[in-house]
Structure formats: structure tokens, C-alpha cells
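Have a look at start.txt below; it lists compact mmCIF, C-alpha atoms (C1' of nucleotides).
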```txt
# COMPACT_ATOMS: atom_id res chain seq x y z
CA MET A 1 -21.11 -14.12 45.93
CA PRO A 2 -20.51 -10.65 44.50
CA ALA A 3 -17.94 -10.26 41.76
CA ALA A 4 -14.94 -8.48 43.24
CA ARG A 5 -15.00 -4.84 42.11
CA THR A 6 -11.65 -3.79 40.78
CA ALA A 7 -9.79 -1.92 43.48
CA PRO A 8 -9.67 1.81 42.70
CA LEU A 9 -5.90 1.95 42.99
CA LEU A 10 -5.43 -0.94 40.62
CA ARG A 11 -7.85 0.65 38.22
CA ARG A 12 -5.98 3.93 38.30
CA ASP A 13 -2.70 2.16 37.60
CA ALA A 14 -4.25 0.15 34.78
CA SER A 15 -5.46 3.39 33.26
CA ALA A 16 -2.03 4.98 33.58
CA LEU A 17 -0.51 1.88 32.01
CA TYR A 18 -2.81 2.31 29.05
CA ASP A 19 -1.65 5.87 28.47
CA ALA A 20 2.00 5.06 28.98
CA ALA A 21 1.90 2.01 26.75
CA THR A 22 0.10 3.91 24.03
CA ALA A 23 2.67 6.69 24.09
CA PHE A 24 5.48 4.15 24.12
CA ILE A 25 4.10 2.26 21.16
CA ARG A 26 3.57 5.37 19.10
CA ILE A 27 7.06 6.73 19.68
CA TYR A 28 8.96 3.53 19.11
CA GLN A 29 6.81 2.49 16.22
CA PHE A 30 7.47 5.70 14.35
CA ARG A 31 11.13 5.58 15.13
CA ASP A 32 11.41 2.01 13.90
CA ARG A 33 9.44 2.80 10.77
CA ASP A 34 11.63 5.76 9.90
CA GLN A 35 14.76 3.74 10.50
CA ALA A 36 13.47 0.79 8.48
CA LEU A 37 12.60 3.05 5.54
CA ARG A 38 16.12 4.42 5.65
CA PHE A 39 17.40 0.91 5.00
CA GLY A 40 14.86 0.20 2.30
CA LEU A 41 12.64 -1.99 4.47
CA THR A 42 9.10 -1.70 5.74
CA VAL A 43 8.28 -2.59 9.33
CA ILE A 44 6.70 -5.86 8.31
CA GLN A 45 9.64 -6.77 6.15
CA ALA A 46 11.91 -6.14 9.12
CA TYR A 47 9.78 -8.36 11.37
CA THR A 48 9.75 -11.04 8.71
CA LEU A 49 13.52 -10.95 8.31
CA ASP A 50 13.95 -11.01 12.07
CA LEU A 51 11.89 -14.18 12.23
CA LEU A 52 13.54 -15.83 9.26
CA ILE A 53 16.99 -15.13 10.63
CA SER A 54 16.33 -16.20 14.21
CA ALA A 55 14.15 -19.21 13.45
CA GLY A 56 15.55 -20.39 10.14
CA GLY A 57 13.44 -21.38 7.16
CA GLN A 58 9.71 -20.95 7.55
CA SER A 59 6.60 -21.73 5.60
CA LEU A 60 4.34 -18.94 4.51
CA THR A 61 1.58 -20.12 6.81
CA GLY A 62 3.99 -20.33 9.72
CA LEU A 63 5.16 -16.78 9.17
CA ALA A 64 1.59 -15.57 8.89
CA ARG A 65 0.63 -17.25 12.14
CA THR A 66 3.58 -15.82 14.05
CA LEU A 67 3.17 -12.34 12.62
CA ARG A 68 -0.62 -12.54 13.00
CA LEU A 69 -1.23 -11.67 9.36
CA ASP A 70 -3.72 -13.17 6.97
CA LYS A 71 -2.05 -15.70 4.69
CA SER A 72 -3.07 -13.62 1.69
CA THR A 73 -1.27 -10.61 3.14
CA MET A 74 1.74 -12.74 3.97
CA SER A 75 1.76 -14.11 0.44
CA ARG A 76 1.93 -10.62 -1.00
CA VAL A 77 4.54 -9.50 1.50
CA ILE A 78 6.75 -12.44 0.55
CA SER A 79 6.15 -11.75 -3.14
CA GLY A 80 7.36 -8.22 -2.67
CA MET A 81 10.37 -9.34 -0.68
CA ALA A 82 11.28 -11.96 -3.27
CA ARG A 83 10.98 -9.33 -6.00
CA ARG A 84 13.40 -7.16 -4.04
CA ALA A 85 15.67 -10.17 -3.45
CA LEU A 86 15.31 -9.98 0.32
CA VAL A 87 14.25 -13.62 0.61
CA ASP A 88 14.68 -16.84 -1.32
CA TRP A 89 12.33 -19.78 -1.34
CA SER A 90 12.15 -23.36 -2.51
CA ARG A 91 9.70 -26.23 -2.59
CA PRO A 92 10.41 -28.74 0.16
CA GLU A 93 10.71 -32.35 -1.00
CA HIS A 94 8.02 -33.68 1.28
CA ASP A 95 5.34 -31.15 0.37
CA ARG A 96 5.20 -29.75 -3.12
CA ARG A 97 2.54 -27.21 -2.17
CA ALA A 98 4.61 -25.47 0.47
CA LYS A 99 7.22 -22.76 0.33
CA GLN A 100 10.37 -22.92 2.38
CA ILE A 101 11.32 -19.30 2.84
CA VAL A 102 14.72 -18.06 3.97
CA ALA A 103 16.39 -14.67 4.27
CA SER A 104 18.74 -13.92 1.38
CA ALA A 105 22.23 -12.56 1.92
CA GLU A 106 20.95 -9.13 0.97
CA GLY A 107 18.00 -9.48 3.36
CA LYS A 108 20.33 -10.43 6.20
CA ARG A 109 22.63 -7.55 5.40
CA ARG A 110 19.87 -4.98 5.46
CA TYR A 111 18.32 -6.34 8.61
CA ARG A 112 21.68 -6.38 10.36
CA ARG A 113 22.25 -2.74 9.49
CA LEU A 114 18.78 -1.70 10.58
CA ARG A 115 19.18 -3.49 13.85
CA GLN A 116 22.55 -1.87 14.44
CA ALA A 117 21.06 1.56 13.86
CA ILE A 118 18.23 0.98 16.31
CA VAL A 119 20.50 -0.60 18.88
CA ARG A 120 22.80 2.43 18.67
CA ASP A 121 19.77 4.59 19.25
CA ASN A 122 18.74 2.52 22.24
CA ALA A 123 22.22 2.79 23.65
CA ARG A 124 21.85 6.57 23.63
CA LEU A 125 18.56 6.28 25.48
CA LEU A 126 20.06 3.98 28.08
CA LEU A 127 23.22 6.01 28.60
CA SER A 128 21.94 7.83 31.65
CA TYR A 129 20.56 4.72 33.32
CA SER A 130 22.63 2.76 35.76
CA PRO A 131 23.34 -0.79 34.62
CA ALA A 132 20.89 -2.05 37.22
CA ALA A 133 18.17 0.30 36.01
CA ARG A 134 18.78 -0.80 32.45
CA ARG A 135 18.35 -4.43 33.37
CA ALA A 136 15.22 -3.57 35.33
CA ALA A 137 13.69 -1.82 32.34
CA ILE A 138 14.31 -4.77 30.06
CA THR A 139 13.05 -7.29 32.58
CA LEU A 140 9.93 -5.26 33.06
CA LEU A 141 9.11 -5.06 29.38
CA ARG A 142 9.65 -8.78 29.06
CA GLN A 143 7.34 -9.42 31.97
CA LEU A 144 4.58 -7.33 30.50
CA VAL A 145 4.94 -9.19 27.23
CA GLN A 146 4.81 -12.54 28.98
CA ARG A 147 1.71 -11.68 30.89
CA ALA A 148 -0.06 -10.27 27.89
CA GLU A 149 0.81 -13.40 25.95
CA GLY A 150 -0.37 -15.62 28.74
CA ALA A 151 -3.66 -13.77 29.18
CA PRO A 152 -5.13 -13.12 25.75
CA PRO A 153 -7.64 -10.26 25.53
CA ALA A 154 -10.90 -11.67 26.79
CA MET B 155 40.89 11.66 20.58
CA PRO B 156 39.25 8.35 19.70
CA ALA B 157 35.47 8.24 19.66
CA ALA B 158 34.37 6.36 22.74
CA ARG B 159 33.44 2.82 21.70
CA THR B 160 30.10 1.85 23.15
CA ALA B 161 30.71 -0.27 26.23
CA PRO B 162 29.93 -3.92 25.57
CA LEU B 163 27.51 -4.14 28.46
CA LEU B 164 25.57 -1.11 27.33
CA ARG B 165 25.47 -2.51 23.83
CA ARG B 166 24.14 -5.81 25.04
CA ASP B 167 21.42 -4.08 27.02
CA ALA B 168 20.50 -1.86 24.09
CA SER B 169 20.15 -4.95 21.97
CA ALA B 170 17.97 -6.64 24.56
CA LEU B 171 15.88 -3.49 24.77
CA TYR B 172 15.31 -3.66 21.03
CA ASP B 173 13.99 -7.20 21.26
CA ALA B 174 11.87 -6.53 24.32
CA ALA B 175 10.41 -3.33 22.90
CA THR B 176 9.63 -4.99 19.59
CA ALA B 177 7.83 -7.84 21.32
CA PHE B 178 5.98 -5.38 23.54
CA ILE B 179 4.85 -3.26 20.64
CA ARG B 180 3.63 -6.20 18.63
CA ILE B 181 1.62 -7.71 21.46
CA TYR B 182 -0.02 -4.53 22.68
CA GLN B 183 -0.61 -3.21 19.23
CA PHE B 184 -2.50 -6.30 18.16
CA ARG B 185 -4.47 -6.37 21.35
CA ASP B 186 -5.46 -2.75 20.98
CA ARG B 187 -6.40 -3.23 17.35
CA ASP B 188 -8.58 -6.22 18.10
CA GLN B 189 -10.28 -4.37 20.93
CA ALA B 190 -10.79 -1.27 18.83
CA LEU B 191 -12.35 -3.27 16.01
CA ARG B 192 -14.72 -4.78 18.53
CA PHE B 193 -16.00 -1.28 19.25
CA GLY B 194 -16.19 -0.30 15.61
CA LEU B 195 -13.04 1.84 15.64
CA THR B 196 -9.69 1.61 13.95
CA VAL B 197 -6.51 2.29 15.89
CA ILE B 198 -6.08 5.68 14.27
CA GLN B 199 -9.66 6.61 14.97
CA ALA B 200 -9.10 5.70 18.60
CA TYR B 201 -5.96 7.85 18.77
CA THR B 202 -7.80 10.70 17.12
CA LEU B 203 -10.70 10.49 19.57
CA ASP B 204 -8.28 10.29 22.46
CA LEU B 205 -6.67 13.52 21.31
CA LEU B 206 -9.93 15.28 20.60
CA ILE B 207 -11.35 14.35 23.99
CA SER B 208 -8.28 15.21 26.03
CA ALA B 209 -7.26 18.35 24.17
CA GLY B 210 -10.60 19.69 22.98
CA GLY B 211 -11.28 20.97 19.49
CA GLN B 212 -8.44 20.67 17.02
CA SER B 213 -7.68 21.70 13.49
CA LEU B 214 -6.95 19.07 10.90
CA THR B 215 -3.38 20.23 10.57
CA GLY B 216 -2.93 20.15 14.32
CA LEU B 217 -4.20 16.58 14.52
CA ALA B 218 -1.96 15.54 11.65
CA ARG B 219 1.07 17.06 13.33
CA THR B 220 0.40 15.38 16.67
CA LEU B 221 -0.41 12.01 15.15
CA ARG B 222 2.45 12.31 12.67
CA LEU B 223 0.25 11.71 9.67
CA ASP B 224 0.26 13.46 6.32
CA LYS B 225 -2.48 16.05 6.14
CA SER B 226 -4.00 14.20 3.19
CA THR B 227 -4.26 11.05 5.28
CA MET B 228 -5.67 13.01 8.18
CA SER B 229 -8.21 14.61 5.87
CA ARG B 230 -9.45 11.20 4.76
CA VAL B 231 -9.45 9.81 8.28
CA ILE B 232 -11.60 12.72 9.44
CA SER B 233 -13.87 12.30 6.42
CA GLY B 234 -14.46 8.71 7.37
CA MET B 235 -15.05 9.58 10.99
CA ALA B 236 -17.49 12.32 10.05
CA ARG B 237 -19.33 9.89 7.78
CA ARG B 238 -19.63 7.50 10.72
CA ALA B 239 -20.71 10.36 12.98
CA LEU B 240 -17.71 9.95 15.29
CA VAL B 241 -16.71 13.60 15.00
CA ASP B 242 -18.36 16.94 14.22
CA TRP B 243 -16.70 19.94 12.70
CA SER B 244 -17.34 23.59 12.04
CA ARG B 245 -15.67 26.59 10.44
CA PRO B 246 -14.11 28.88 13.02
CA GLU B 247 -15.11 32.55 12.68
CA HIS B 248 -11.61 33.88 12.38
CA ASP B 249 -10.44 31.48 9.65
CA ARG B 250 -12.92 30.28 7.08
CA ARG B 251 -10.45 27.81 5.61
CA ALA B 252 -9.93 25.84 8.81
CA LYS B 253 -11.88 23.01 10.39
CA GLN B 254 -12.59 22.93 14.10
CA ILE B 255 -12.97 19.24 14.83
CA VAL B 256 -14.54 17.80 17.97
CA ALA B 257 -15.54 14.34 19.14
CA SER B 258 -19.26 13.68 18.79
CA ALA B 259 -21.32 12.14 21.59
CA GLU B 260 -21.17 8.83 19.78
CA GLY B 261 -17.41 9.15 19.31
CA LYS B 262 -16.94 9.85 23.00
CA ARG B 263 -19.15 6.94 23.94
CA ARG B 264 -17.26 4.47 21.79
CA TYR B 265 -13.88 5.69 22.93
CA ARG B 266 -14.93 5.49 26.57
CA ARG B 267 -16.01 1.90 26.14
CA LEU B 268 -12.87 0.93 24.28
CA ARG B 269 -10.73 2.49 26.94
CA GLN B 270 -12.64 0.70 29.67
CA ALA B 271 -12.13 -2.63 27.95
CA ILE B 272 -8.40 -2.12 27.62
CA VAL B 273 -8.03 -0.79 31.14
CA ARG B 274 -9.87 -3.85 32.46
CA ASP B 275 -7.42 -5.95 30.53
CA ASN B 276 -4.48 -4.04 31.94
CA ALA B 277 -5.86 -4.49 35.43
CA ARG B 278 -5.72 -8.25 34.90
CA LEU B 279 -2.11 -7.98 33.80
CA LEU B 280 -1.21 -5.89 36.82
CA LEU B 281 -3.04 -8.03 39.34
CA SER B 282 -0.01 -10.00 40.41
CA TYR B 283 2.23 -6.95 40.74
CA SER B 284 2.60 -5.22 44.05
CA PRO B 285 1.36 -1.61 44.01
CA ALA B 286 4.96 -0.44 44.14
CA ALA B 287 5.93 -2.63 41.20
CA ARG B 288 2.95 -1.33 39.25
CA ARG B 289 4.00 2.23 39.78
CA ALA B 290 7.56 1.38 38.86
CA ALA B 291 6.42 -0.16 35.59
CA ILE B 292 4.43 2.90 34.64
CA THR B 293 7.17 5.30 35.61
CA LEU B 294 9.62 3.34 33.58
CA LEU B 295 7.54 3.36 30.43
CA ARG B 296 7.03 7.10 30.83
CA GLN B 297 10.74 7.62 31.19
CA LEU B 298 11.53 5.67 28.06
CA VAL B 299 8.96 7.74 26.18
CA GLN B 300 10.41 10.98 27.49
CA ARG B 301 13.90 10.08 26.50
CA ALA B 302 12.91 8.89 23.08
CA GLU B 303 11.00 12.13 22.56
CA GLY B 304 13.90 14.22 23.76
CA ALA B 305 16.41 12.41 21.58
CA PRO B 306 14.95 12.05 18.12
CA PRO B 307 16.44 9.24 16.01
CA ALA B 308 19.66 10.65 14.60
C1' DT C 309 -2.82 45.14 -5.38
C1' DT C 310 0.37 41.43 -5.94
C1' DG C 311 2.47 37.81 -4.21
C1' DC C 312 3.53 34.47 -0.29
C1' DT C 313 1.75 31.45 3.09
C1' DT C 314 -1.50 28.37 5.14
C1' DA C 315 -5.72 25.00 5.45
C1' DG C 316 -7.67 21.51 3.43
C1' DT C 317 -9.10 18.44 -0.66
C1' DT C 318 -8.30 15.39 -4.34
C1' DG C 319 -5.66 12.25 -7.51
C1' DT C 320 -2.30 8.69 -8.03
C1' DC C 321 0.44 4.94 -6.51
C1' DA C 322 1.92 1.30 -3.38
C1' DA C 323 1.39 -1.37 0.86
C1' DT C 324 -1.56 -3.42 4.42
C1' DG C 325 -5.41 -6.13 5.91
C1' DC C 326 -9.75 -8.96 5.53
C1' DC C 327 -12.69 -12.14 3.28
C1' DA C 328 -13.90 -15.31 -0.14
C1' DA C 329 -13.06 -18.09 -4.11
C1' DC C 330 -9.88 -20.79 -6.44
C1' DT C 331 -5.93 -24.43 -7.71
C1' DA C 332 -2.94 -27.90 -6.38
C1' DT C 333 -1.35 -31.06 -3.24
C1' DT C 334 -1.58 -34.06 0.77
C1' DT C 335 -3.98 -36.70 4.20
C1' DT C 336 -7.80 -39.35 6.02
C1' DC C 337 -10.79 -42.75 6.00
C1' DC C 338 -13.97 -46.17 3.96
C1' DG D 339 -7.31 -47.85 -4.17
C1' DG D 340 -10.10 -43.94 -4.28
C1' DA D 341 -13.40 -40.32 -2.75
C1' DA D 342 -13.66 -36.69 0.51
C1' DA D 343 -11.63 -33.52 3.60
C1' DA D 344 -7.89 -30.80 5.02
C1' DT D 345 -3.94 -27.88 3.99
C1' DA D 346 -0.64 -24.53 1.31
C1' DG D 347 -0.65 -20.77 -1.48
C1' DT D 348 -2.53 -17.44 -4.97
C1' DT D 349 -5.64 -14.14 -6.66
C1' DG D 350 -9.57 -10.80 -6.81
C1' DG D 351 -12.24 -7.33 -4.51
C1' DC D 352 -12.81 -3.78 -1.18
C1' DA D 353 -11.42 -0.41 2.37
C1' DT D 354 -7.73 1.90 4.93
C1' DT D 355 -3.22 3.84 5.48
C1' DG D 356 0.58 6.57 3.94
C1' DA D 357 3.61 9.49 0.68
C1' DC D 358 3.74 12.94 -2.63
C1' DA D 359 2.10 16.39 -5.82
C1' DA D 360 -1.24 19.47 -7.71
C1' DC D 361 -4.97 22.12 -6.72
C1' DT D 362 -8.62 25.63 -4.48
C1' DA D 363 -9.68 28.91 -1.21
C1' DA D 364 -8.65 32.03 2.30
C1' DG D 365 -5.55 34.84 5.06
C1' DC D 366 -1.43 37.80 5.36
C1' DA D 367 2.38 40.92 4.14
C1' DA D 368 4.93 44.16 1.37
```
Conversion result in C-alpha cells:
Amino acid sequence: MPAARTAPLLRRDASALYDAATAFIRIYQFRDRDQALRFGLTVIQAYTLDLLISAGGQSLTGLARTLRLDKSTMSRVISGMARRALVDWSRPEHDRRAKQIVASAEGKRRYRRLRQAIVRDNARLLLSYSPAARRAAITLLRQLVQRAEGAPPA
Amino acid sequence: MPAARTAPLLRRDASALYDAATAFIRIYQFRDRDQALRFGLTVIQAYTLDLLISAGGQSLTGLARTLRLDKSTMSRVISGMARRALVDWSRPEHDRRAKQIVASAEGKRRYRRLRQAIVRDNARLLLSYSPAARRAAITLLRQLVQRAEGAPPA
DNA sequence: TTGCTTAGTTGTCAATGCCAACTATTTTCC
DNA sequence: GGAAAATAGTTGGCATTGACAACTAAGCAA
């Protein structure tokens, strides 16, 4: 039984998706980085705060796994954030090796402001879409994320 | 005249777009990085090769401008790529300061393979979409890129 | 010619990222 | 209980990325 050759049309669309996704990532990444810097955060610090705020206290290893960073990198990121008073941490009772890391008031404040700035920016981008088109765009991005998560790269 | 307050619905969608775009960027970025590493390239090297192949020879400053990197960073990136024989360069006749940088045969080969791998991956993701839905997804990403490019962040 | 601009390189500093070695704790298992 | 294995974090080393400033060399303009 011959392996099904990828249909030409599908292949063309997959190729176009690559180009579009690459362009999308570059643009939004730079925008987010610039905005984050304006609020005294790096992109990784913003991701970390996002996680800490939405999921509550986390261990260093847990953060590293979610953010797909090496635990050594995560350790240094958290060090830096603690030095800048963006996070607090404590030793949980049940495991004296671990760190229980939470966003500090200052960390929450900065993240909230950053998010507001980006959301305002997004609102400008979405202004000329109809409400239905806006919802479609968001649904679509979510779908692509879901599928990529479900089907890890080879 | 009071500044128009952003409509609540628009604001909610803009917020959802932020979350969806962030998730999208993280997933695709990691996937692309892992794939690139598999072919002995970094993400920036892949972007650089993409540019060099699609746009022909480029100056260092031109590359830096397009990729939004500092010229010092670009200089070191190109140094590394030249060391690994991914690019070639020469001095143009009319300006003996400048570098005319092109992708080498090896650079083209690696980029082609990387692109094929990612496109294959994308094809898997798109398999369950109808052709119309696929096209819609691509069009939508392109639109978001266009708008973000047209409306720089504040 | 003199001075201004442009192209690229190099130095410094900090952050990111990977791997490996290390300490300290907890868990497993005999 | 106690030795061995697993786990949580830290630190050191190395390379890359990225910002900024100082520098060389070449082109351009007055």
C-alpha cells in the first residue's frame, strides 16, 4: 500500500500557512517585546507573571515545564525577578527543597498595565472587523493552537 | 467631546485575542526552534536564509533593518553563518565598505529541508480543515499581520 | 580639502538557553 | 531503619542574542 502523497492543494496551503505564521509571530513578538520593555519587563518575565497570576503559586520546576525552559534558566529568571521584587517565594511545609513562587503586588501591577496596553493595541487592530469576524479570528487562532498542541512535531 | 470609551465587547475580544495570539506564538515558536535545531540552524539563521533566498543578495544593514536586529547583532550572526558556510559574501564594486551577502548552496539546502519539515507538519494540522477553511485561516493571519504592520504600537 | 554620513566591526554588559555537576531533601524499597 | 534512587534547585561553563557606544574605513557634499 503506497503512502498517500500529500495533495498538492493541501501542500500549497501548508506552505502559505508557514509564511503567514512566521510573519505573524515576528510582528506580534516584536510588538510584545517593545511593550514589555516599556513596562520594565522582559517577554519571559511577562509570561511568567501571566502564569503565576492565572494559575496561582507554582514551583520552579512547574514553571519551567510549562514555559518549556531549562530549570537552570528558570532558576535564573526567578532570581532576577525576585531581585526586582516582581515575585515572592517561600518554602512549602511539605517539601523543604521546593520553592513556592507567587507574583508580588508590584509584579501584578506591572503585568496588568502591560496587558492593558497590548489589549488596547489589539482593540485598534480589531476595530474594522465585524464582531462576527473578530470572534472567527480568535476561534481560529485557538484551533490552530489546539491542533499544534495535540500533534507534537514528529 | 468625551473620548469614545472602548466598547465592552470589543475590549473582551481584544483581550481574548491577546491570549490566543500569545498561545499561538509560544507553540509555533517552540516548534520552529526545535525543527530548526534539528537541521543545524537557529531561528534567526533560518529567517536570514529565508530573506536571502527570497530577496536575493542583501547588505548587512538591509538584513538588520528587515529582521529588526541591531547591526552589531546582525554582524555577528552573519559571521557565525559564514563560519558555518551557510552564506557567502563579497564586496560590491561600487561600495568597498559594504557586504553583499548571499545564501550558499549549503545554506539553501538546509533551509529547504527545514521548510519542508515544517510544511509537512502544517499539512498535518490542516488535514481536518476543509479547503475553504484552510484558505480562510491563511487569509486571516495575513490580515492580522497587515493591520499590525500598518498600525505600529503607539 | 574638510567635514558629514554610512557600512561594518569590536568591546562591554546583561539575558537567554543548554548541559553537566553539585547540594539538599524526599521517596522507595529491601 | 537505612541505603539507594529520585527530585528540587543552584551554580559553572559555553554559545547566542540583543542594546549601546566607540571605532575604522569608505563614500559624499560643501
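When chain B serves as the reference and chain A is fitted to it on all C-alpha atoms, the deviation left is 0.1 Å RMSD.
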(message) Would you compute the distance between atom CA of Gln45 of chain A and atom CA of Gly150 of chain A? Give it in Å to one decimal.
(response)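 Atom CA of Gln45 of chain A sits 26.2 Å away from atom CA of Gly150 of chain A.
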(message) Using only C-alpha atoms, I'd like every residue of chain B that has an atom within 8 Å of chain A; please write them out as a ChimeraX atom specification.
(response) /B:160,164-165,167-172,174-175,177-179,181-183,185,189,272-277,279-281,285,288-289,291-292,294-296,298-299,301-303,305,307-308
(request) When you get a sec, could you note down which chain C residues fall within 8 Å of chain B, using only C-alpha atoms (C1' of nucleotides), as a PyMOL selection string? (result) chain C and resi 315-317
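Of the listed residues D:DC366, D:DA357, D:DC352, D:DA346, the one whose atoms come nearest to chain A is D:DA346, with distances taken using all atoms listed in the file.
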Restore N, CA and C atoms in segment 280-292 of chain B and list the result as a PDB file, keeping the file's coordinate frame.
```
ATOM      1  N   LEU B 280      -1.901  -6.490  35.684  1.00  0.00           N
ATOM      2  CA  LEU B 280      -1.210  -5.890  36.820  1.00  0.00           C
ATOM      3  C   LEU B 280      -1.554  -6.548  38.151  1.00  0.00           C
ATOM      4  N   LEU B 281      -2.533  -7.450  38.101  1.00  0.00           N
ATOM      5  CA  LEU B 281      -3.040  -8.030  39.340  1.00  0.00           C
ATOM      6  C   LEU B 281      -1.938  -8.616  40.221  1.00  0.00           C
ATOM      7  N   SER B 282      -1.003  -9.307  39.596  1.00  0.00           N
ATOM      8  CA  SER B 282      -0.010 -10.000  40.410  1.00  0.00           C
ATOM      9  C   SER B 282       1.192  -9.120  40.760  1.00  0.00           C
ATOM     10  N   TYR B 283       1.171  -7.868  40.330  1.00  0.00           N
ATOM     11  CA  TYR B 283       2.230  -6.950  40.740  1.00  0.00           C
ATOM     12  C   TYR B 283       1.854  -6.316  42.080  1.00  0.00           C
ATOM     13  N   SER B 284       2.866  -6.019  42.859  1.00  0.00           N
ATOM     14  CA  SER B 284       2.600  -5.220  44.050  1.00  0.00           C
ATOM     15  C   SER B 284       2.327  -3.792  43.585  1.00  0.00           C
ATOM     16  N   PRO B 285       1.606  -3.009  44.397  1.00  0.00           N
ATOM     17  CA  PRO B 285       1.360  -1.610  44.010  1.00  0.00           C
ATOM     18  C   PRO B 285       2.649  -0.884  43.671  1.00  0.00           C
ATOM     19  N   ALA B 286       3.697  -1.126  44.415  1.00  0.00           N
ATOM     20  CA  ALA B 286       4.960  -0.440  44.140  1.00  0.00           C
ATOM     21  C   ALA B 286       5.508  -0.859  42.772  1.00  0.00           C
ATOM     22  N   ALA B 287       5.422  -2.143  42.476  1.00  0.00           N
ATOM     23  CA  ALA B 287       5.930  -2.630  41.200  1.00  0.00           C
ATOM     24  C   ALA B 287       5.107  -2.054  40.051  1.00  0.00           C
ATOM     25  N   ARG B 288       3.809  -1.913  40.279  1.00  0.00           N
ATOM     26  CA  ARG B 288       2.950  -1.330  39.250  1.00  0.00           C
ATOM     27  C   ARG B 288       3.392   0.090  38.932  1.00  0.00           C
ATOM     28  N   ARG B 289       3.586   0.840  39.989  1.00  0.00           N
ATOM     29  CA  ARG B 289       4.000   2.230  39.780  1.00  0.00           C
ATOM     30  C   ARG B 289       5.351   2.299  39.084  1.00  0.00           C
ATOM     31  N   ALA B 290       6.222   1.390  39.466  1.00  0.00           N
ATOM     32  CA  ALA B 290       7.560   1.380  38.860  1.00  0.00           C
ATOM     33  C   ALA B 290       7.452   1.114  37.370  1.00  0.00           C
ATOM     34  N   ALA B 291       6.576   0.186  37.001  1.00  0.00           N
ATOM     35  CA  ALA B 291       6.420  -0.160  35.590  1.00  0.00           C
ATOM     36  C   ALA B 291       5.950   1.055  34.799  1.00  0.00           C
ATOM     37  N   ILE B 292       4.990   1.751  35.352  1.00  0.00           N
ATOM     38  CA  ILE B 292       4.430   2.900  34.640  1.00  0.00           C
ATOM     39  C   ILE B 292       5.458   4.016  34.516  1.00  0.00           C
TER      40      ILE B 292
END
```
